[in-house]
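Next up, upload-v8.txt (compact mmCIF, C-alpha atoms):
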# COMPACT_ATOMS: atom_id res chain seq x y z
CA MET A 1 -22.40 -12.87 -7.37
CA SER A 2 -22.13 -14.42 -3.98
CA ILE A 3 -20.65 -13.87 -0.57
CA ARG A 4 -19.44 -16.83 1.43
CA PRO A 5 -20.79 -16.73 5.01
CA GLU A 6 -17.32 -16.79 6.57
CA PHE A 7 -16.33 -13.89 4.31
CA ALA A 8 -18.19 -11.39 6.50
CA LEU A 9 -15.92 -12.26 9.43
CA TYR A 10 -12.78 -11.92 7.30
CA LEU A 11 -14.00 -8.56 5.98
CA LEU A 12 -14.73 -7.30 9.48
CA VAL A 13 -11.26 -8.26 10.74
CA MET A 14 -9.44 -6.94 7.68
CA ALA A 15 -11.26 -3.61 7.45
CA GLY A 16 -11.30 -3.24 11.24
CA VAL A 17 -7.54 -3.63 11.65
CA THR A 18 -6.80 -1.41 8.66
CA TYR A 19 -9.09 1.29 10.04
CA LEU A 20 -7.85 1.15 13.64
CA VAL A 21 -4.24 1.46 12.49
CA ARG A 22 -5.18 4.73 10.76
CA MET A 23 -7.69 6.02 13.28
CA ILE A 24 -6.04 5.57 16.69
CA PRO A 25 -2.97 7.74 16.04
CA LEU A 26 -5.03 10.45 14.33
CA VAL A 27 -7.41 10.71 17.27
CA LEU A 28 -4.90 10.24 20.10
CA PHE A 29 -1.59 11.69 18.94
CA LYS A 30 -1.28 15.41 19.17
CA GLU A 31 2.15 15.28 20.82
CA LYS A 32 5.20 14.40 18.71
CA ILE A 33 6.85 11.01 19.26
CA LYS A 34 10.33 11.65 20.71
CA ASN A 35 12.00 8.23 20.92
CA ARG A 36 14.55 8.10 18.11
CA PHE A 37 14.70 4.29 17.92
CA VAL A 38 10.91 3.98 17.61
CA LEU A 39 10.84 6.73 15.00
CA SER A 40 13.64 5.10 13.01
CA PHE A 41 11.94 1.70 13.14
CA LEU A 42 8.68 3.25 11.95
CA TYR A 43 10.54 5.09 9.21
CA TYR A 44 12.02 1.87 7.75
CA VAL A 45 8.91 -0.33 8.11
CA PRO A 46 6.99 0.82 5.00
CA TYR A 47 9.94 0.34 2.65
CA ALA A 48 10.87 -3.02 4.16
CA VAL A 49 7.26 -4.22 3.98
CA LEU A 50 6.68 -3.11 0.40
CA SER A 51 9.94 -4.61 -0.88
CA ALA A 52 9.33 -7.96 0.84
CA MET A 53 5.85 -8.00 -0.72
CA VAL A 54 7.14 -7.26 -4.22
CA PHE A 55 10.28 -9.37 -4.36
CA PRO A 56 10.24 -12.21 -5.35
CA ALA A 57 6.41 -12.38 -5.64
CA ILE A 58 6.30 -10.12 -8.71
CA PHE A 59 8.07 -12.80 -10.78
CA TYR A 60 4.99 -15.03 -10.38
CA ALA A 61 2.44 -12.24 -10.91
CA SER A 62 2.09 -12.78 -14.65
CA GLY A 63 1.83 -15.91 -16.77
CA ASN A 64 5.52 -15.97 -17.53
CA VAL A 65 8.52 -15.50 -15.24
CA ILE A 66 10.70 -13.90 -17.93
CA ALA A 67 7.96 -11.42 -18.91
CA ALA A 68 7.39 -10.56 -15.23
CA ALA A 69 11.15 -10.02 -14.79
CA VAL A 70 11.07 -7.57 -17.70
CA GLY A 71 8.12 -5.80 -16.04
CA PHE A 72 10.06 -5.63 -12.77
CA ILE A 73 13.12 -4.08 -14.43
CA VAL A 74 11.00 -1.57 -16.37
CA ALA A 75 9.20 -0.57 -13.15
CA VAL A 76 12.46 -0.05 -11.24
CA VAL A 77 14.03 1.96 -14.07
CA THR A 78 10.99 4.21 -14.66
CA ALA A 79 10.58 4.74 -10.90
CA PHE A 80 14.30 5.55 -10.64
CA PHE A 81 13.85 8.33 -13.18
CA GLY A 82 11.09 9.83 -11.09
CA LYS A 83 7.95 8.81 -12.99
CA GLY A 84 4.65 8.82 -11.06
CA LEU A 85 2.81 5.75 -9.79
CA THR A 86 0.45 5.49 -12.76
CA THR A 87 3.18 5.90 -15.38
CA VAL A 88 5.36 3.29 -13.70
CA ALA A 89 2.48 0.80 -13.48
CA ALA A 90 1.44 1.41 -17.12
CA CYS A 91 4.98 1.06 -18.51
CA SER A 92 5.50 -2.12 -16.51
CA CYS A 93 2.24 -3.71 -17.71
CA VAL A 94 2.87 -2.83 -21.35
CA SER A 95 6.40 -4.26 -21.21
CA VAL A 96 5.04 -7.52 -19.75
CA LEU A 97 2.36 -7.67 -22.43
CA VAL A 98 4.87 -7.11 -25.25
CA THR A 99 7.28 -9.67 -23.81
CA GLU A 100 4.52 -12.26 -23.43
CA LEU A 101 3.40 -11.70 -27.02
CA ILE A 102 6.97 -12.05 -28.28
CA ILE A 103 7.48 -15.27 -26.34
CA LYS A 104 4.14 -16.64 -27.53
CA TYR A 105 4.34 -15.83 -31.23
CA LEU A 106 7.96 -15.22 -32.14
CA ILE A 107 9.95 -17.76 -30.14
CA MET B 1 -1.31 30.67 9.53
CA GLN B 2 -2.70 29.70 6.13
CA ILE B 3 -5.64 27.25 6.13
CA GLN B 4 -6.83 25.16 3.18
CA ASN B 5 -10.61 24.88 3.59
CA SER B 6 -11.90 24.37 0.01
CA PHE B 7 -13.88 21.18 -0.74
CA ARG B 8 -13.58 21.97 -4.44
CA LYS B 9 -9.77 22.28 -4.27
CA GLY B 10 -9.75 18.92 -2.52
CA LEU B 11 -11.83 17.34 -5.29
CA LEU B 12 -9.48 18.72 -7.96
CA ASP B 13 -6.37 17.52 -6.10
CA GLY B 14 -7.95 14.07 -5.82
CA ILE B 15 -8.57 13.55 -9.55
CA PRO B 16 -5.06 12.35 -10.52
CA ILE B 17 -5.03 9.98 -7.52
CA GLY B 18 -8.46 8.66 -8.54
CA ILE B 19 -7.31 7.92 -12.08
CA GLY B 20 -4.24 6.12 -10.79
CA TYR B 21 -6.34 4.11 -8.34
CA LEU B 22 -8.84 3.17 -11.06
CA SER B 23 -6.16 1.43 -13.10
CA VAL B 24 -4.43 -0.24 -10.16
CA SER B 25 -7.63 -1.46 -8.51
CA PHE B 26 -8.69 -2.87 -11.90
CA ALA B 27 -5.70 -5.18 -11.53
CA PHE B 28 -6.67 -5.92 -7.91
CA GLY B 29 -10.17 -6.92 -9.06
CA ILE B 30 -8.73 -9.36 -11.59
CA MET B 31 -6.28 -10.73 -9.03
CA ALA B 32 -8.96 -11.18 -6.35
CA VAL B 33 -11.21 -13.15 -8.70
CA THR B 34 -8.27 -15.20 -9.98
CA CYS B 35 -7.38 -16.29 -6.45
CA GLY B 36 -10.97 -17.34 -5.73
CA LEU B 37 -12.99 -14.40 -4.37
CA SER B 38 -16.32 -13.35 -5.91
CA PRO B 39 -16.56 -9.93 -7.64
CA LEU B 40 -18.86 -8.65 -4.89
CA GLU B 41 -16.39 -9.76 -2.22
CA ALA B 42 -13.57 -7.99 -4.04
CA LEU B 43 -15.68 -4.81 -4.23
CA LEU B 44 -16.55 -4.94 -0.52
CA ILE B 45 -12.88 -5.33 0.37
CA SER B 46 -11.93 -2.28 -1.69
CA MET B 47 -14.81 -0.15 -0.37
CA THR B 48 -13.97 -0.87 3.26
CA ASN B 49 -10.17 -1.05 3.19
CA LEU B 50 -8.85 1.41 0.60
CA THR B 51 -5.30 0.10 0.76
CA SER B 52 -3.34 -1.47 -2.10
CA ALA B 53 -0.61 -3.36 -0.28
CA GLY B 54 -2.87 -4.67 2.48
CA GLN B 55 -5.49 -5.92 0.03
CA LEU B 56 -2.85 -7.51 -2.17
CA ALA B 57 -1.64 -9.54 0.81
CA GLY B 58 -5.08 -10.05 2.38
CA ALA B 59 -7.11 -11.31 -0.58
CA PRO B 60 -5.13 -14.56 -1.03
CA ILE B 61 -5.34 -15.26 2.71
CA ILE B 62 -9.14 -14.89 2.64
CA ALA B 63 -9.47 -16.89 -0.58
CA ALA B 64 -7.36 -19.71 0.87
CA GLY B 65 -9.36 -19.74 4.12
CA GLY B 66 -6.35 -18.68 6.20
CA SER B 67 -6.58 -17.95 9.90
CA LEU B 68 -8.10 -14.69 11.17
CA VAL B 69 -4.99 -14.12 13.29
CA GLU B 70 -2.78 -14.34 10.22
CA LEU B 71 -5.08 -11.92 8.38
CA ALA B 72 -5.14 -9.46 11.28
CA MET B 73 -1.36 -9.62 11.84
CA THR B 74 -0.67 -9.17 8.13
CA GLN B 75 -2.91 -6.11 7.91
CA LEU B 76 -1.44 -4.69 11.12
CA ILE B 77 2.18 -4.91 9.98
CA ILE B 78 1.65 -3.99 6.33
CA ASN B 79 -0.54 -1.04 7.25
CA LEU B 80 1.57 0.04 10.22
CA ARG B 81 2.98 2.80 8.02
CA TYR B 82 -0.43 4.51 8.13
CA SER B 83 0.02 5.05 11.85
CA LEU B 84 2.99 7.26 11.15
CA MET B 85 1.09 9.11 8.46
CA SER B 86 -1.84 9.58 10.83
CA VAL B 87 0.49 10.98 13.45
CA ALA B 88 1.83 13.45 10.88
CA LEU B 89 -1.67 14.21 9.61
CA SER B 90 -2.85 14.94 13.16
CA GLN B 91 -0.31 17.79 13.22
CA LYS B 92 -1.30 18.96 9.74
CA LEU B 93 -5.02 19.03 10.41
CA ASP B 94 -6.71 22.20 11.64
CA TYR B 95 -6.78 21.99 15.45
CA LYS B 96 -10.48 22.83 15.42
CA ALA B 97 -11.29 19.53 13.65
CA LYS B 98 -13.48 17.60 16.11
CA TRP B 99 -13.39 13.88 16.89
CA PRO B 100 -16.21 12.82 14.54
CA HIS B 101 -14.29 14.37 11.65
CA ARG B 102 -11.06 12.70 12.74
CA PHE B 103 -12.84 9.32 12.73
CA LEU B 104 -13.91 9.86 9.10
CA ILE B 105 -10.67 11.41 7.88
CA ALA B 106 -8.67 8.45 9.24
CA PHE B 107 -10.43 6.13 6.79
CA GLY B 108 -9.08 8.02 3.77
CA ASN B 109 -5.47 8.31 4.89
CA THR B 110 -3.69 6.39 2.09
CA ASP B 111 -0.09 6.86 0.94
CA GLU B 112 -1.06 9.06 -2.00
CA ILE B 113 -3.82 11.07 -0.30
CA PHE B 114 -1.50 11.70 2.63
CA ALA B 115 1.28 12.83 0.30
CA VAL B 116 -0.99 15.29 -1.52
CA SER B 117 -2.56 16.64 1.69
CA THR B 118 0.85 17.41 3.18
CA SER B 119 1.88 19.21 -0.01
CA ASN B 120 -0.41 22.11 1.02
CA ASP B 121 1.13 25.02 2.89
CA GLY B 122 -0.13 25.45 6.44
CA HIS B 123 -3.02 23.54 7.93
CA ILE B 124 -5.88 21.73 6.17
CA THR B 125 -9.50 21.33 7.27
CA GLN B 126 -11.87 18.39 7.14
CA ARG B 127 -13.72 20.03 4.22
CA TYR B 128 -10.59 19.95 2.07
CA PHE B 129 -9.75 16.39 3.13
CA TYR B 130 -13.25 15.06 2.36
CA GLY B 131 -12.97 16.51 -1.15
CA LEU B 132 -9.52 15.00 -1.51
CA MET B 133 -10.52 11.45 -0.46
CA LEU B 134 -13.80 11.22 -2.41
CA ILE B 135 -12.61 10.67 -6.00
CA PRO B 136 -9.79 8.27 -5.06
CA TRP B 137 -12.33 6.19 -3.08
CA ILE B 138 -14.75 6.10 -6.04
CA GLY B 139 -11.88 5.27 -8.40
CA TRP B 140 -10.57 2.50 -6.16
CA SER B 141 -14.01 0.89 -5.70
CA SER B 142 -15.24 1.15 -9.29
CA GLY B 143 -11.90 -0.04 -10.72
CA THR B 144 -12.12 -3.13 -8.51
CA ILE B 145 -15.60 -4.18 -9.64
CA ILE B 146 -14.82 -3.45 -13.31
CA GLY B 147 -11.65 -5.54 -13.09
CA ALA B 148 -13.41 -8.34 -11.23
CA LEU B 149 -16.24 -8.54 -13.80
CA ALA B 150 -14.37 -7.71 -17.01
CA GLY B 151 -11.27 -9.67 -16.10
CA ALA B 152 -12.88 -12.90 -17.30
CA ALA B 153 -13.83 -11.34 -20.65
CA LEU B 154 -10.31 -10.12 -21.43
CA PRO B 155 -7.76 -12.30 -23.26
CA ASP B 156 -5.43 -14.20 -20.88
CA VAL B 157 -2.39 -12.34 -22.11
CA ILE B 158 -3.93 -8.99 -21.06
CA THR B 159 -5.04 -10.07 -17.58
CA SER B 160 -1.74 -11.78 -16.99
CA SER B 161 0.23 -8.63 -17.84
CA LEU B 162 -2.03 -6.54 -15.56
CA GLY B 163 -0.97 -8.80 -12.69
CA VAL B 164 2.19 -6.77 -12.22
CA ALA B 165 0.37 -3.39 -11.96
CA ILE B 166 0.04 -3.21 -8.18
CA TYR B 167 3.59 -4.44 -7.66
CA ALA B 168 4.85 -1.79 -10.08
CA MET B 169 2.99 0.88 -8.12
CA LEU B 170 4.62 -0.30 -4.89
CA ILE B 171 8.02 -0.19 -6.61
CA ALA B 172 7.26 3.41 -7.56
CA VAL B 173 6.86 4.20 -3.84
CA VAL B 174 10.08 2.48 -2.72
CA VAL B 175 12.61 3.28 -5.45
CA PRO B 176 12.65 7.11 -5.21
CA LYS B 177 13.38 6.92 -1.47
CA ALA B 178 15.98 4.16 -1.86
CA LYS B 179 17.68 6.26 -4.54
CA THR B 180 18.24 9.24 -2.25
CA HIS B 181 18.81 7.52 1.12
CA LEU B 182 21.42 4.73 1.15
CA PRO B 183 20.32 3.09 4.47
CA THR B 184 16.79 2.75 3.02
CA ALA B 185 18.24 1.03 -0.07
CA LEU B 186 20.27 -1.35 2.14
CA CYS B 187 17.22 -2.05 4.32
CA VAL B 188 15.27 -2.92 1.16
CA LEU B 189 18.05 -5.29 0.09
CA VAL B 190 18.07 -7.04 3.49
CA SER B 191 14.29 -7.37 3.42
CA ILE B 192 14.13 -8.91 -0.08
CA THR B 193 17.07 -11.19 0.69
CA LEU B 194 15.13 -12.56 3.68
CA ALA B 195 12.00 -12.88 1.51
CA CYS B 196 13.99 -14.89 -1.06
CA LEU B 197 15.46 -17.16 1.64
CA PHE B 198 11.94 -17.93 2.89
CA ARG B 199 10.77 -18.65 -0.63
CA TYR B 200 13.66 -20.71 -1.95
CA LEU B 201 15.37 -22.41 1.01
CA PRO B 202 13.77 -25.87 1.16
CA ALA B 203 13.74 -25.82 4.98
CA LEU B 204 11.74 -22.56 5.04
CA SER B 205 9.65 -22.74 1.88
CA SER B 206 6.95 -25.02 3.30
CA PHE B 207 6.42 -22.57 6.18
CA SER B 208 6.35 -19.75 3.66
CA GLU B 209 3.69 -21.46 1.51
CA LYS B 210 1.40 -21.84 4.52
CA TYR B 211 2.02 -18.49 6.19
CA GLY B 212 2.89 -16.03 3.43
CA GLY B 213 1.62 -13.09 5.48
CA PHE B 214 3.85 -13.88 8.45
CA VAL B 215 6.87 -14.11 6.16
CA ILE B 216 6.38 -10.50 5.05
CA ILE B 217 6.03 -9.43 8.69
CA ILE B 218 9.20 -11.28 9.75
CA CYS B 219 11.29 -9.92 6.86
CA ALA B 220 10.11 -6.33 7.37
CA VAL B 221 10.44 -6.27 11.16
CA VAL B 222 13.91 -7.86 11.15
CA ALA B 223 15.21 -5.52 8.43
CA SER B 224 13.68 -2.44 10.08
CA LEU B 225 15.04 -3.35 13.53
CA ILE B 226 18.55 -3.85 12.11
CA PHE B 227 18.54 -0.46 10.43
CA ALA B 228 16.83 1.35 13.31
CA VAL B 229 19.85 0.23 15.41
CA LEU B 230 22.59 0.72 12.78
CA CYS B 231 21.33 3.82 10.97
CA PRO B 232 18.80 5.74 13.09
CA VAL B 233 17.24 8.47 10.97
CA LYS B 234 17.72 12.18 11.62
CA GLU B 235 14.93 14.52 12.67
CA GLU B 236 14.11 15.81 9.18
CA LYS B 237 13.89 12.31 7.66
CA GLU B 238 11.21 11.30 10.15
CA GLY B 239 8.86 14.00 8.91
CA GLU B 240 9.10 12.72 5.35
CA VAL B 241 7.43 9.38 5.96
Just dump the structure as C-alpha cells.
Amino acid sequence: MSIRPEFALYLLVMAGVTYLVRMIPLVLFKEKIKNRFVLSFLYYVPYAVLSAMVFPAIFYASGNVIAAAVGFIVAVVTAFFGKGLTTVAACSCVSVLVTELIIKYLI
Amino acid sequence: MQIQNSFRKGLLDGIPIGIGYLSVSFAFGIMAVTCGLSPLEALLISMTNLTSAGQLAGAPIIAAGGSLVELAMTQLIINLRYSLMSVALSQKLDYKAKWPHRFLIAFGNTDEIFAVSTSNDGHITQRYFYGLMLIPWIGWSSGTIIGALAGAALPDVITSSLGVAIYAMLIAVVVPKAKTHLPTALCVLVSITLACLFRYLPALSSFSEKYGGFVIIICAVVASLIFAVLCPVKEEKEGEV
C-alpha cells in the first residue's frame, strides 16, 4: 500500500469542499430561504447532476456496452417500481453479470 | 413537541443504510483501484468524504492527476445538494444542539442518512444522529477497503459487473422523483442530452475527455437553470429535497 505525495493535497481539497458544502448551511442557516428561483434551482440540481453522471457513463462502466445497457434498463425498471437502493443495485449487477456470461460463452 | 433522543434507535435505523453502503462502496473500491489509486488512498477518500456521487467523479480526476480547481469545482457542484439537505436538517435538529455538534453532524449528512433522519416525527437530537451515522460510515469505509483489496482476486467478469453498482444506486435516487414530477423528468432528459452531446459530438468530445468534471457541472447547471425559470417548484416540493 502506498500514498502518492500529491495525494494528500487532493484528499484535503476533496474532503474539505465536501465537508464545507455540508457544514456551512447547517451552522449558519436557521432562517428559511425565501427566493423561489434559488429554491427551484437548488431543487433541480441533484437530479440534473446525478443523471449527467450516470448517462452515458454507465454504458462504459462494465466490460461490455451491451451488458451495461441491460444493467441500465434493469436499474431504471426496478427503481420505477419503487425498489430500494440496494435492491436496484443488486438487480442491475446480476443482470450485467448474466449478460456478460451469455455473451462470453453462448454467443 | 416530540424529540428523538435515542442513540440506540439511531444505530438501529442506520443498519439498513450501512448494509447498502457496504455493497456500493465495495464497487467504489474496485473502481478506484482500477483507475489507478492505491487501496489505502481509496479507503482514505471514503473515510473523509462519505459521498457516493462525489467520490465516483473525484477518484478518476485524482488518479489522472487532474487540476485541484477541477476537483474542487466538481465536488462543489455534485455535492451542492447537501447544502439544501443541511438547510433542512438545521430546521429538523433540536434547537439546543450546540455548534460543536453541528460541525460533527454535518459530516454525516448523506442522501440516505438525511432521508431517514427526516422520517422521524418532530425534532431529532445529536445523540440520535450520531447513532444514525455510525454504521453507514463503518459500512462505507470497510466496503471500500474490501473492494479495493479483493477486487484483484475476483474474476474479471464479477468486477466488471460490479462497475454498474454505484450508477444503479444513483438511478434509484433519480427515477422515483422523475416518475412523480414531470418537470424533474424533463430536466433529467435535458441534462443527459447535454451529457451525450459533450461525449459524442466530435467538436466537444476532446474537451469532455480532458475535463469530465466540468462537463457534469455545465450539464447540470444549464438544465437546472432552464427548469428553475420554466417550472419553478411549489412550496411543498422544496421541502422534499
Open item on the list: Please compute the CA of Pro232 (chain B)-CA of Ala88 (chain B) distance, one decimal, in Å.
Closed with: 18.8 Å
Open item on the list: At a cut-off of 6 Å, using all atoms listed in the file, what residues contact Ala69 (chain A)? Leave out same-chain residues fewer than 3 positions from it and give the result as a ChimeraX atom specification.
Closed with: /A:59,66,72
Task: Contacts of Asn64 (chain A) within 12 Å, all atoms listed in the file, excl. fewer than 5 positions in-chain, as a ChimeraX atom specification - done: /A:58-59,69-71,96-104 /B:156-157,160-161,163-164
Open item on the list: Could you tell me how far CA of Phe26 (chain B) sits from CA of Thr144 (chain B), in Å to one decimal place?
Closed with: 4.8 Å
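Note that CA of Ala48 (chain A) and CA of Val188 (chain B) are 5.3 Å apart.
Shortest separation to chain B among A:Leu106, A:Val21, A:Val74, A:Cys91 occurs at residue A:Val21, atoms counted being all atoms listed in the file.
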Task: Pick from A:Gly63, A:Ile3, A:Arg22, A:Leu85 nearest to Glu112 (chain B), counting all atoms listed in the file - done: A:Leu85
TODO: Select, from B:Gly151, B:Gly14, B:Pro176, B:Gly143, the residue with the minimum atom-to-atom distance to chain A, counting all atoms listed in the file.
DONE: B:Pro176
- [ ] May I have the protein, DNA and RNA residues with an atom at most 7 Å from (-15.2, 23.3, 5.4), counting all atoms listed in the file in the file's coordinates, returned as a PyMOL selection string?
- [x] chain B and resi 5-7+125-128
Open item on the list: For a cutoff of 12 Å around the file-coordinate point (5.8, 0.1, -13.1), which residues qualify once you count all atoms listed in the file? I'd like the result as a ChimeraX atom specification.
Closed with: /A:54,58,68-96 /B:20,24,161-175
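Minimum atom-to-atom distances from B:Ile146, B:Leu186, B:Val233, B:Val215 to chain A were compared using all atoms listed in the file, and the lowest value belongs to B:Val233.
Among the candidates B:Ile145, B:Ala63, B:Leu189, B:Ile15, the residue lying nearest to Thr34 (chain B) is B:Ala63 (atoms considered: all atoms listed in the file).
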Any chance you could build region 85-102 of chain A out to N, CA, C and O atoms and write it as a PDB file, in the frame of the given file?
ATOM      1  N   LEU A  85       3.305   7.106 -10.017  1.00  0.00           N
ATOM      2  CA  LEU A  85       2.810   5.750  -9.790  1.00  0.00           C
ATOM      3  C   LEU A  85       2.114   5.179 -11.022  1.00  0.00           C
ATOM      4  O   LEU A  85       2.357   4.045 -11.428  1.00  0.00           O
ATOM      5  N   THR A  86       1.228   5.979 -11.628  1.00  0.00           N
ATOM      6  CA  THR A  86       0.450   5.490 -12.760  1.00  0.00           C
ATOM      7  C   THR A  86       1.336   5.193 -13.967  1.00  0.00           C
ATOM      8  O   THR A  86       1.178   4.157 -14.623  1.00  0.00           O
ATOM      9  N   THR A  87       2.272   6.095 -14.239  1.00  0.00           N
ATOM     10  CA  THR A  87       3.180   5.900 -15.380  1.00  0.00           C
ATOM     11  C   THR A  87       4.013   4.632 -15.188  1.00  0.00           C
ATOM     12  O   THR A  87       4.159   3.827 -16.107  1.00  0.00           O
ATOM     13  N   VAL A  88       4.540   4.465 -13.977  1.00  0.00           N
ATOM     14  CA  VAL A  88       5.360   3.290 -13.700  1.00  0.00           C
ATOM     15  C   VAL A  88       4.550   2.013 -13.900  1.00  0.00           C
ATOM     16  O   VAL A  88       4.997   1.064 -14.573  1.00  0.00           O
ATOM     17  N   ALA A  89       3.325   1.997 -13.355  1.00  0.00           N
ATOM     18  CA  ALA A  89       2.480   0.800 -13.480  1.00  0.00           C
ATOM     19  C   ALA A  89       2.133   0.533 -14.943  1.00  0.00           C
ATOM     20  O   ALA A  89       2.192  -0.618 -15.410  1.00  0.00           O
ATOM     21  N   ALA A  90       1.811   1.588 -15.707  1.00  0.00           N
ATOM     22  CA  ALA A  90       1.440   1.410 -17.120  1.00  0.00           C
ATOM     23  C   ALA A  90       2.616   0.894 -17.936  1.00  0.00           C
ATOM     24  O   ALA A  90       2.472  -0.066 -18.708  1.00  0.00           O
ATOM     25  N   CYS A  91       3.798   1.496 -17.762  1.00  0.00           N
ATOM     26  CA  CYS A  91       4.980   1.060 -18.510  1.00  0.00           C
ATOM     27  C   CYS A  91       5.298  -0.402 -18.202  1.00  0.00           C
ATOM     28  O   CYS A  91       5.616  -1.193 -19.105  1.00  0.00           O
ATOM     29  N   SER A  92       5.189  -0.757 -16.928  1.00  0.00           N
ATOM     30  CA  SER A  92       5.500  -2.120 -16.510  1.00  0.00           C
ATOM     31  C   SER A  92       4.539  -3.117 -17.160  1.00  0.00           C
ATOM     32  O   SER A  92       4.967  -4.144 -17.713  1.00  0.00           O
ATOM     33  N   CYS A  93       3.243  -2.815 -17.124  1.00  0.00           N
ATOM     34  CA  CYS A  93       2.240  -3.710 -17.710  1.00  0.00           C
ATOM     35  C   CYS A  93       2.438  -3.879 -19.211  1.00  0.00           C
ATOM     36  O   CYS A  93       2.374  -4.994 -19.737  1.00  0.00           O
ATOM     37  N   VAL A  94       2.677  -2.767 -19.894  1.00  0.00           N
ATOM     38  CA  VAL A  94       2.870  -2.830 -21.350  1.00  0.00           C
ATOM     39  C   VAL A  94       4.099  -3.670 -21.688  1.00  0.00           C
ATOM     40  O   VAL A  94       4.068  -4.498 -22.608  1.00  0.00           O
ATOM     41  N   SER A  95       5.182  -3.497 -20.920  1.00  0.00           N
ATOM     42  CA  SER A  95       6.400  -4.260 -21.210  1.00  0.00           C
ATOM     43  C   SER A  95       6.172  -5.757 -20.992  1.00  0.00           C
ATOM     44  O   SER A  95       6.689  -6.587 -21.741  1.00  0.00           O
ATOM     45  N   VAL A  96       5.359  -6.096 -19.983  1.00  0.00           N
ATOM     46  CA  VAL A  96       5.040  -7.520 -19.750  1.00  0.00           C
ATOM     47  C   VAL A  96       4.207  -8.059 -20.905  1.00  0.00           C
ATOM     48  O   VAL A  96       4.464  -9.158 -21.422  1.00  0.00           O
ATOM     49  N   LEU A  97       3.224  -7.264 -21.325  1.00  0.00           N
ATOM     50  CA  LEU A  97       2.360  -7.670 -22.430  1.00  0.00           C
ATOM     51  C   LEU A  97       3.172  -7.928 -23.699  1.00  0.00           C
ATOM     52  O   LEU A  97       3.037  -8.983 -24.343  1.00  0.00           O
ATOM     53  N   VAL A  98       4.046  -6.980 -24.038  1.00  0.00           N
ATOM     54  CA  VAL A  98       4.870  -7.110 -25.250  1.00  0.00           C
ATOM     55  C   VAL A  98       5.759  -8.343 -25.152  1.00  0.00           C
ATOM     56  O   VAL A  98       5.856  -9.138 -26.094  1.00  0.00           O
ATOM     57  N   THR A  99       6.393  -8.525 -23.980  1.00  0.00           N
ATOM     58  CA  THR A  99       7.280  -9.670 -23.810  1.00  0.00           C
ATOM     59  C   THR A  99       6.509 -10.991 -23.937  1.00  0.00           C
ATOM     60  O   THR A  99       6.976 -11.940 -24.582  1.00  0.00           O
ATOM     61  N   GLU A 100       5.316 -11.032 -23.343  1.00  0.00           N
ATOM     62  CA  GLU A 100       4.520 -12.260 -23.430  1.00  0.00           C
ATOM     63  C   GLU A 100       4.126 -12.565 -24.877  1.00  0.00           C
ATOM     64  O   GLU A 100       4.132 -13.722 -25.299  1.00  0.00           O
ATOM     65  N   LEU A 101       3.764 -11.517 -25.621  1.00  0.00           N
ATOM     66  CA  LEU A 101       3.400 -11.700 -27.020  1.00  0.00           C
ATOM     67  C   LEU A 101       4.597 -12.198 -27.829  1.00  0.00           C
ATOM     68  O   LEU A 101       4.470 -13.089 -28.675  1.00  0.00           O
ATOM     69  N   ILE A 102       5.757 -11.626 -27.565  1.00  0.00           N
ATOM     70  CA  ILE A 102       6.970 -12.050 -28.280  1.00  0.00           C
ATOM     71  C   ILE A 102       7.256 -13.519 -27.990  1.00  0.00           C
ATOM     72  O   ILE A 102       7.520 -14.307 -28.910  1.00  0.00           O
TER      73      ILE A 102
END
